[in-house]
Number of protein chains: 2
Amino acid sequence: MYRTHSCGALNASDINKEVTLSGWVQKSRDKGFMIWIDLRDRYGLTQLIFDEERSAADLMERAKKLGREFVIQITGTVIERQSKNPNMKTGEIEVLVSKLTLLNESKTPPFTIEDTTDGGEDLRMKYRYLDIRRNPVKENLLFRHKVSMEVRKYLSDDGFVDVETPYLIKSTPEGARDFLVPSRMNQGQFYALPQSPQTFKQLLMIGGLDKYFQIVKCFRDEDLRADRQPEFTQIDCEMAFVEQEDILNTFEGLTRHLLKEIKGVDVAEFPRMQYDDAMKLYGNDKPDIRFGMQFGELNSVAQHKEFGVFNTAELVVGIAIPGGASYTRKEIDKLVDWVRRPQVGALGMVYVKCNEDGSYKSSVDKFYDQNDLEKWAEVTGAKPGDLICVLSGDINKVRAQLSALRMEMAERLGLRNPDEFAPLWVVDFPLLELDEETGHYHAMHHPFTSPKPGQLALLDSKPGEVKANAYDLVLNGNEIGGGSIRIHDKEIQAIMLKKLGFSDEEAKAQFGFLMDAFEYGAPPHGGIAFGLDRLVSILGGQETIRDFIAFPKNNSGRDVMIDSPATIDDEQLKELNIKLDIQE
Amino acid sequence: MYRTHSCGALNASDINKEVTLSGWVQKSRDKGFMIWIDLRDRYGLTQLIFDEERSAADLMERAKKLGREFVIQITGTVIERQSKNPNMKTGEIEVLVSKLTLLNESKTPPFTIEDTTDGGEDLRMKYRYLDIRRNPVKENLLFRHKVSMEVRKYLSDDGFVDVETPYLIKSTPEGARDFLVPSRMNQGQFYALPQSPQTFKQLLMIGGLDKYFQIVKCFRDEDLRADRQPEFTQIDCEMAFVEQEDILNTFEGLTRHLLKEIKGVDVAEFPRMQYDDAMKLYGNDKPDIRFGMQFGELNSVAQHKEFGVFNTAELVVGIAIPGGASYTRKEIDKLVDWVRRPQVGALGMVYVKCNEDGSYKSSVDKFYDQNDLEKWAEVTGAKPGDLICVLSGDINKVRAQLSALRMEMAERLGLRNPDEFAPLWVVDFPLLELDEETGHYHAMHHPFTSPKPGQLALLDSKPGEVKANAYDLVLNGNEIGGGSIRIHDKEIQAIMLKKLGFSDEEAKAQFGFLMDAFEYGAPPHGGIAFGLDRLVSILGGQETIRDFIAFPKNNSGRDVMIDSPATIDDEQLKELNIKLDIQE
């Protein structure tokens, strides 16, 4: 028995008890005649005391030698503290040690095990097991556990059944890149790791399981952008005999439950926004609606004047920045520089100061009079004291640029409050999106997404305008979940795959099993998948998913702690019937 | 809205309600003037009725055309059944249909969707989505979900934290073979899929998380024996500051909870048995103790007589088969044939009939008199009416052979009652086992298992005798869990790895991160892992794990439904910097 109590358990009611504790030496204060040690475990800190007058001499000697992160076991008596610490769970007491056992020594850790550490990202990742001892990381992992458990309980209570789908599946080369696994027993053949259990959950619906969920690892071999991981976790869900409305209601229920249980936040009915409106009003399919600054499209009021830049633009669009009229010329110039950074990519920015006296001062006063500018203010909803920022150009590019500016300004103005939660359903996504490079249409969601009823006919004439039964759940400007009602008709699925450029052979080789399954009584079905890493980090009020993953990989897909991936033995290659073929 | 109720919901209290149901046509009885259809979903069956007198003519026509497994939606009125079916949840009512919508057609399924199907294993696996519609398979998957949820709840309530460990890790070529994953971004390097999260859970303990669990997929690229899967699921657990006793108590608690909650069975304190005793008494480290037939070692009473076969044997050992004295000569000959099958491998079998009158009749009466045989009966615990079966030879082989016979006889005698649960801790496993081929010692559990205190000194002199802090949980003759107290001292870990044949370089390359971690205050820790597939199948009263896996692989590691593994594009190979290298 290593302990009678944890280091977070003792309080005044335990005074005079003999207790045994185990843990790590957080810190030690040696006054010569008296030594205090903070003993730490997952559950808290307890102050230990060694005292010349009350402790044996050899015990004092041994206590003096305890360094940071040494692992010890002590037995002693709980006594009342002279100076209580009300900020500490165990702050009323300390333990006068009578017996000390050294369980393990520790080298001096490469960074301090404190809430704010002196360790940089690289060092923390290499010694992640020490990083996890720090409260913020530990609390994040406990928080993730809590969220996962709540999700499971809620869905299980609602009749969803957790079914494990296979990890060793088959490669489907379109879409993102698969991680592949050579099969030793089937020479020259490979498994793939799932990018999602998509087809399997559809088969479970065809199999009559009705409501499925799984918290499951998924894999994508993509070039990693910041804060992407090659392996990530989904809350994967599917339901049979449902329409879009049923799915939205069910998962609005789940999300509301999480916000209530985990954050203590009550959220009203989630607003819904059409994809087209989201793009129009926020330039973005995952708008952060905790704040305004909606886009105002200015083509009708800003074009057909003398200002050539606007006249030739596909879209002229602006936002009103609250209080921005007071910005100095220098501040505004900096803003112009900001939108011209390559990461944003605007060519320039037009601005209008909306003065408190109702007058306007703009960077294009040469072309627009006060009446013109008043219309701009109306369209963008600018009030006296605001600054209207206007960008122009190609519709897709300019929306992305202005969206970036909107988010940046919200950040600067403190409008992105991590304790405020603004969920939003974005619905009616396009079924297809044009790949500008190849000129081909891709599935925006995936090839199993159903078009809106009656829109199949548009597929040939205006493929870009076909809307899908597809939806995203957005929280504070992040997509936390997305899904669709699936195709359950073999004919329609065949049309879709053809439209997406699959030959009949390819379709059969990759999805033949699903097409076959559609012939044996496939029910209408649909589902959703949440990104758990992202969901947890947003609920945790943070932006970096890495801080909520126990052992994350870096941007090269490496685990720097275990030094993986690594070279393997020739013998292993031979068994797998492969050779290296390094491209220079 | 596809339905107001499920197909398992309606009863007499719903009579006169208008309801909408969706589901599959289980069967149809057409009497011409009246048609009954059993409509099925996950939740049950509801009888639908179409009636010439009360239903529109075109509705009758369309109802007649519905085939098995067609997916339909109906609206109708709940009415009282003429002939009630008390064996059916919805047996009091039927639904008089007023509206019928065909949601999807179905080809005739390749096997019947009934509890007892006409589909063979291969066909069922190819059309697993249809197999899952069958009650027994569906119930198994629901049962698995229930067990998983109970495990999670119990452990979470006990302070265990569910932490996801990575799937893309590093290969450690000793032990079982790893599945490997080429890294595209790190040329010539590979990830490995985890055989278990062993080192990661130890790092979590070093990281101070104190109590960890995870229900997690693990991977082993082994030649598949019957009922092994290349991917399988573990309930993986680890605790810090624990001794063996703490782990046994904690997981005895979990197992008892599952037996109570899931099966309604109360089990007393689990017995414990030393590994050596299990081998001696049952010839097996996972004895089924639902029944007796313990081994009796007969060397002292059967050797040094005239019977040369026994005199030269390392071990002479027998069991008493209850009631076996009544077997005919033919039956006994069949038993001898059975033990001589290559799968068992005995050279022969000596038997003694213990007659009801207290006399003995044996196959070796030439060498042994009644007094001798009476001693045999004493040692094997044989009573009048029993048959003593005796095998002899090499100690390890003969124990395995007699164990096989013991299990076979228990099966034949109906002593393996699936509704009876006899858990057992087997403790004090050897630390090492000799590989007869190479003459080297391997870790019996894994290289991180700690030897019993004070036994380290034996490691050089008598490696085979060193006992480990290792334990298995056995249920009804199956190992359902196993674990150990781990080494947490760098020096001891280094000694162990050396003993297991790792060079310093190999140890550092493969386990350097763990050895490093041991230098920064590693606490004493230990854990256990349960095989979930096996646990669920035994709790479910069945022996085949495949029946409790949604999408299992066959004995060649293939998923015959999706036809995986499969060949991949040259482009994919090139991106991964590998080539095929098929061995002829």
# chains A, B, ... in the order shown; residues from 1 in each chain; ligands from 1
call {"tool": "interface_residues", "arguments": {"of": "chain B", "to": "chain A", "cutoff": "6 Å", "atoms": "only C-alpha atoms", "output": "number ranges by chain"}}
result
B: 2, 42, 69-71, 104-107, 129-130, 132-133, 145, 162, 170, 180-181, 189-191, 203, 207-209, 241, 513, 519-521, 562, 564-567, 577-582
call {"tool": "select_by_dssp", "arguments": {"residues": "stretch 184-379 of chain A", "states": "alpha helix (DSSP H)", "output": "ChimeraX atom specification"}}
result
/A:198-206,244-263,275-282,299-302,308-311,329-340,370-379
call {"tool": "residues_around", "arguments": {"residues": "B:Met409", "least_positions_apart": "5", "cutoff": "12 Å", "atoms": "only C-alpha atoms", "output": "list in words"}}
result
Phe291, Gly292, Met293, Ile319, Ala320, Ile321, Pro322, Gly323, Gly324, Leu335, Trp338, Val339, Leu387, Cys389, Leu402, Ser403, Ala404, Gly414, Leu415 and Arg416 of chain B
call {"tool": "write_last_selection", "arguments": {"atoms": "C-alpha atoms", "output": "PDB file, in the first residue's frame"}}
result
ATOM      1  CA  PHE B 291     -15.368 -28.456 -13.066  1.00  0.00           C
ATOM      2  CA  GLY B 292     -12.862 -30.768 -11.367  1.00  0.00           C
ATOM      3  CA  MET B 293     -10.837 -33.514 -13.037  1.00  0.00           C
ATOM      4  CA  ILE B 319      -7.402 -37.550 -14.508  1.00  0.00           C
ATOM      5  CA  ALA B 320     -10.550 -39.256 -13.301  1.00  0.00           C
ATOM      6  CA  ILE B 321     -13.477 -38.967 -15.696  1.00  0.00           C
ATOM      7  CA  PRO B 322     -16.758 -39.013 -13.774  1.00  0.00           C
ATOM      8  CA  GLY B 323     -18.889 -42.002 -14.744  1.00  0.00           C
ATOM      9  CA  GLY B 324     -16.337 -43.182 -17.263  1.00  0.00           C
ATOM     10  CA  LEU B 335     -10.818 -41.900 -26.662  1.00  0.00           C
ATOM     11  CA  TRP B 338      -8.692 -38.950 -29.892  1.00  0.00           C
ATOM     12  CA  VAL B 339      -5.573 -38.335 -27.771  1.00  0.00           C
ATOM     13  CA  LEU B 387     -12.433 -43.857 -15.518  1.00  0.00           C
ATOM     14  CA  CYS B 389      -7.001 -41.794 -18.023  1.00  0.00           C
ATOM     15  CA  LEU B 402      -3.939 -34.253 -20.746  1.00  0.00           C
ATOM     16  CA  SER B 403      -5.298 -30.705 -20.526  1.00  0.00           C
ATOM     17  CA  ALA B 404      -6.770 -31.117 -24.005  1.00  0.00           C
ATOM     18  CA  GLY B 414     -21.735 -30.853 -20.412  1.00  0.00           C
ATOM     19  CA  LEU B 415     -19.585 -29.419 -17.631  1.00  0.00           C
ATOM     20  CA  ARG B 416     -18.773 -26.197 -19.503  1.00  0.00           C
TER      21      ARG B 416
END
call {"tool": "residues_around", "arguments": {"residues": "stretch 4-15 of chain A", "least_positions_apart": "5", "cutoff": "10 Å", "atoms": "only C-alpha atoms", "output": "list of chain:residue names"}}
result
A:Thr20, A:Leu21, A:Ser22, A:Gly23, A:Trp24, A:Asp38, A:Leu39, A:Arg40, A:Asp41, A:Arg42, A:Tyr43, A:Gly44, A:Leu45, A:Thr46, A:Gln47, A:Thr75, A:Thr77, A:Val78, A:Ile79, A:Glu80, A:Arg81, A:Met88, A:Lys89, A:Thr90, A:Gly91, A:Glu92, A:Ile93, A:Glu94, A:Val95
call {"tool": "write_last_selection", "arguments": {"atoms": "N, CA, C and O atoms", "output": "CSV table (one decimal), in the first residue's frame"}}
result
chain,number,residue,atom,x,y,z
A,20,THR,N,-0.3,8.0,5.0
A,20,THR,CA,0.8,7.7,4.1
A,20,THR,C,0.5,8.3,2.7
A,20,THR,O,-0.6,8.2,2.2
A,21,LEU,N,1.5,9.1,2.2
A,21,LEU,CA,1.3,9.7,0.9
A,21,LEU,C,2.4,9.3,0.0
A,21,LEU,O,3.5,9.0,0.4
A,22,SER,N,2.2,9.4,-1.3
A,22,SER,CA,3.3,9.2,-2.3
A,22,SER,C,3.1,10.2,-3.4
A,22,SER,O,2.0,10.7,-3.7
A,23,GLY,N,4.2,10.6,-3.9
A,23,GLY,CA,4.2,11.6,-5.0
A,23,GLY,C,5.5,12.2,-5.4
A,23,GLY,O,6.6,11.6,-5.0
A,24,TRP,N,5.5,13.3,-6.1
A,24,TRP,CA,6.7,14.0,-6.6
A,24,TRP,C,7.0,15.2,-5.7
A,24,TRP,O,6.1,15.9,-5.3
A,38,ASP,N,6.6,20.5,-0.8
A,38,ASP,CA,5.3,20.4,-1.4
A,38,ASP,C,5.4,19.1,-2.2
A,38,ASP,O,6.1,18.9,-3.1
A,39,LEU,N,4.5,18.1,-1.8
A,39,LEU,CA,4.4,16.8,-2.5
A,39,LEU,C,3.2,16.9,-3.4
A,39,LEU,O,2.1,17.3,-3.1
A,40,ARG,N,3.5,16.4,-4.7
A,40,ARG,CA,2.5,16.6,-5.7
A,40,ARG,C,2.1,15.2,-6.3
A,40,ARG,O,2.9,14.3,-6.5
A,41,ASP,N,0.8,15.1,-6.6
A,41,ASP,CA,0.4,14.0,-7.4
A,41,ASP,C,-0.7,14.6,-8.3
A,41,ASP,O,-1.0,15.8,-8.3
A,42,ARG,N,-1.4,13.7,-9.1
A,42,ARG,CA,-2.5,14.2,-10.0
A,42,ARG,C,-3.5,15.0,-9.3
A,42,ARG,O,-4.1,15.9,-9.9
A,43,TYR,N,-3.7,14.7,-8.0
A,43,TYR,CA,-4.9,15.2,-7.3
A,43,TYR,C,-4.6,16.5,-6.6
A,43,TYR,O,-5.6,17.2,-6.1
A,44,GLY,N,-3.4,16.9,-6.4
A,44,GLY,CA,-3.1,18.1,-5.7
A,44,GLY,C,-1.7,18.1,-5.1
A,44,GLY,O,-0.8,17.4,-5.4
A,45,LEU,N,-1.5,19.1,-4.2
A,45,LEU,CA,-0.3,19.3,-3.4
A,45,LEU,C,-0.5,19.2,-2.0
A,45,LEU,O,-1.6,19.6,-1.5
A,46,THR,N,0.4,18.6,-1.2
A,46,THR,CA,0.3,18.6,0.2
A,46,THR,C,1.6,19.0,0.8
A,46,THR,O,2.7,18.6,0.3
A,47,GLN,N,1.6,19.9,1.8
A,47,GLN,CA,2.8,20.4,2.4
A,47,GLN,C,3.3,19.4,3.4
A,47,GLN,O,2.5,19.0,4.3
A,75,THR,N,5.2,8.7,5.6
A,75,THR,CA,4.2,8.5,6.6
A,75,THR,C,4.4,9.6,7.6
A,75,THR,O,5.5,10.0,7.9
A,77,THR,N,2.0,12.6,10.5
A,77,THR,CA,0.8,13.0,11.2
A,77,THR,C,0.2,14.3,10.6
A,77,THR,O,1.0,15.2,10.4
A,78,VAL,N,-1.0,14.3,10.3
A,78,VAL,CA,-1.6,15.5,9.8
A,78,VAL,C,-1.7,16.5,11.0
A,78,VAL,O,-2.3,16.2,12.0
A,79,ILE,N,-1.2,17.7,10.8
A,79,ILE,CA,-1.2,18.8,11.8
A,79,ILE,C,-1.8,20.1,11.2
A,79,ILE,O,-1.8,20.2,9.9
A,80,GLU,N,-2.2,20.9,12.0
A,80,GLU,CA,-2.8,22.2,11.6
A,80,GLU,C,-1.6,23.1,11.1
A,80,GLU,O,-0.6,23.1,11.7
A,81,ARG,N,-1.9,23.8,10.0
A,81,ARG,CA,-0.8,24.7,9.6
A,81,ARG,C,-0.8,26.0,10.4
A,81,ARG,O,-1.8,26.5,10.7
A,88,MET,N,-5.5,26.8,-1.6
A,88,MET,CA,-5.0,25.4,-1.8
A,88,MET,C,-6.0,24.5,-1.1
A,88,MET,O,-6.4,24.7,0.1
A,89,LYS,N,-6.4,23.4,-1.8
A,89,LYS,CA,-7.4,22.5,-1.2
A,89,LYS,C,-6.9,21.9,0.1
A,89,LYS,O,-7.7,21.7,1.0
A,90,THR,N,-5.6,21.7,0.2
A,90,THR,CA,-5.1,21.1,1.4
A,90,THR,C,-4.4,22.2,2.3
A,90,THR,O,-3.6,21.9,3.2
A,91,GLY,N,-4.8,23.5,2.1
A,91,GLY,CA,-4.1,24.6,2.7
A,91,GLY,C,-4.2,24.8,4.2
A,91,GLY,O,-3.6,25.6,4.8
A,92,GLU,N,-5.2,24.0,4.8
A,92,GLU,CA,-5.4,24.1,6.2
A,92,GLU,C,-4.4,23.2,7.0
A,92,GLU,O,-4.2,23.5,8.2
A,93,ILE,N,-3.8,22.3,6.3
A,93,ILE,CA,-3.0,21.3,7.1
A,93,ILE,C,-1.6,21.2,6.5
A,93,ILE,O,-1.3,21.6,5.4
A,94,GLU,N,-0.7,20.5,7.2
A,94,GLU,CA,0.5,20.0,6.7
A,94,GLU,C,0.8,18.6,7.4
A,94,GLU,O,0.1,18.2,8.3
A,95,VAL,N,1.7,17.9,6.8
A,95,VAL,CA,2.0,16.5,7.4
A,95,VAL,C,3.4,16.5,8.0
A,95,VAL,O,4.4,16.8,7.3
call {"tool": "atom_distance", "arguments": {"atom1": "atom CA of B:Ser484", "atom2": "atom CA of B:Asp288"}}
result
21.7 Å
call {"tool": "residues_around", "arguments": {"residues": "B:Glu356", "least_positions_apart": "6", "cutoff": "12 Å", "atoms": "only C-alpha atoms", "output": "list in words"}}
result
Gly323, Gly324, Ala325, Ser326, Ala382, Lys383, Pro384, Gly385, Asp386 and Leu387 of chain B
call {"tool": "residues_around", "arguments": {"residues": "B:Gly120", "least_positions_apart": "4", "cutoff": "9 Å", "atoms": "only C-alpha atoms", "output": "ChimeraX atom specification"}}
result
/B:111,124-125
call {"tool": "atom_distance", "arguments": {"atom1": "atom CA of A:Gly358", "atom2": "atom CA of A:Thr328"}}
result
18.4 Å
call {"tool": "residues_around", "arguments": {"residues": "A:Arg29", "least_positions_apart": "3", "cutoff": "10 Å", "atoms": "only C-alpha atoms", "output": "mmCIF file with N, CA, C and O atoms, in the first residue's frame"}}
result
data_model
loop_
_atom_site.group_PDB
_atom_site.id
_atom_site.type_symbol
_atom_site.label_atom_id
_atom_site.label_comp_id
_atom_site.auth_asym_id
_atom_site.auth_seq_id
_atom_site.Cartn_x
_atom_site.Cartn_y
_atom_site.Cartn_z
ATOM 1 N N GLY A 32 17.078 25.059 7.334
ATOM 2 C CA GLY A 32 18.078 24.491 8.242
ATOM 3 C C GLY A 32 17.411 23.726 9.357
ATOM 4 O O GLY A 32 17.393 22.500 9.361
ATOM 5 N N MET A 34 14.253 23.587 9.820
ATOM 6 C CA MET A 34 12.947 23.147 9.347
ATOM 7 C C MET A 34 12.970 23.022 7.810
ATOM 8 O O MET A 34 13.566 23.869 7.147
ATOM 9 N N ILE A 35 12.332 21.982 7.319
ATOM 10 C CA ILE A 35 12.260 21.797 5.859
ATOM 11 C C ILE A 35 10.795 21.591 5.471
ATOM 12 O O ILE A 35 10.099 20.784 6.094
ATOM 13 N N TRP A 36 10.340 22.389 4.479
ATOM 14 C CA TRP A 36 9.005 22.157 3.929
ATOM 15 C C TRP A 36 9.134 21.588 2.533
ATOM 16 O O TRP A 36 9.959 22.061 1.733
ATOM 17 N N ILE A 37 8.334 20.607 2.257
ATOM 18 C CA ILE A 37 8.311 20.057 0.897
ATOM 19 C C ILE A 37 6.866 20.038 0.404
ATOM 20 O O ILE A 37 5.957 19.627 1.138
ATOM 21 N N ASP A 38 6.647 20.527 -0.814
ATOM 22 C CA ASP A 38 5.343 20.368 -1.449
ATOM 23 C C ASP A 38 5.351 19.052 -2.208
ATOM 24 O O ASP A 38 6.139 18.875 -3.146
ATOM 25 N N ILE A 49 6.259 18.612 6.374
ATOM 26 C CA ILE A 49 7.187 19.359 7.214
ATOM 27 C C ILE A 49 8.126 18.405 7.948
ATOM 28 O O ILE A 49 7.712 17.333 8.419
ATOM 29 N N LYS A 64 16.815 16.698 3.403
ATOM 30 C CA LYS A 64 17.608 17.772 2.777
ATOM 31 C C LYS A 64 18.082 17.381 1.378
ATOM 32 O O LYS A 64 18.329 18.230 0.532
#
call {"tool": "closest_residue", "arguments": {"among": "A:Ser98, A:Ser362, A:Asn396, A:Asn476", "to": "A:Glu314", "atoms": "only C-alpha atoms"}}
result
A:Asn396
call {"tool": "closest_residue", "arguments": {"among": "A:Val536, A:Val316, A:Leu459, A:Val427", "to": "A:Ile480", "atoms": "only C-alpha atoms"}}
result
A:Val536
call {"tool": "select_by_dssp", "arguments": {"residues": "stretch 207-304 of chain A", "states": "strand (DSSP E)", "output": "list in words"}}
result
Lys211, Tyr212, Phe213, Gln214, Ile215, Val216, Lys217, Cys218, Phe219, Glu231, Phe232, Thr233, Gln234, Ile235, Asp236, Cys237, Glu238, Met239, Ala240, Arg272, Met273, Gln274, Gly296 and Glu297 of chain A
call {"tool": "closest_residue", "arguments": {"among": "A:Leu155, A:Met60, A:Val379, A:Ala468", "to": "A:Thr250", "atoms": "only C-alpha atoms"}}
result
A:Leu155
call {"tool": "atom_distance", "arguments": {"atom1": "atom CA of B:Gly296", "atom2": "atom CA of B:Thr380"}}
result
4.3 Å
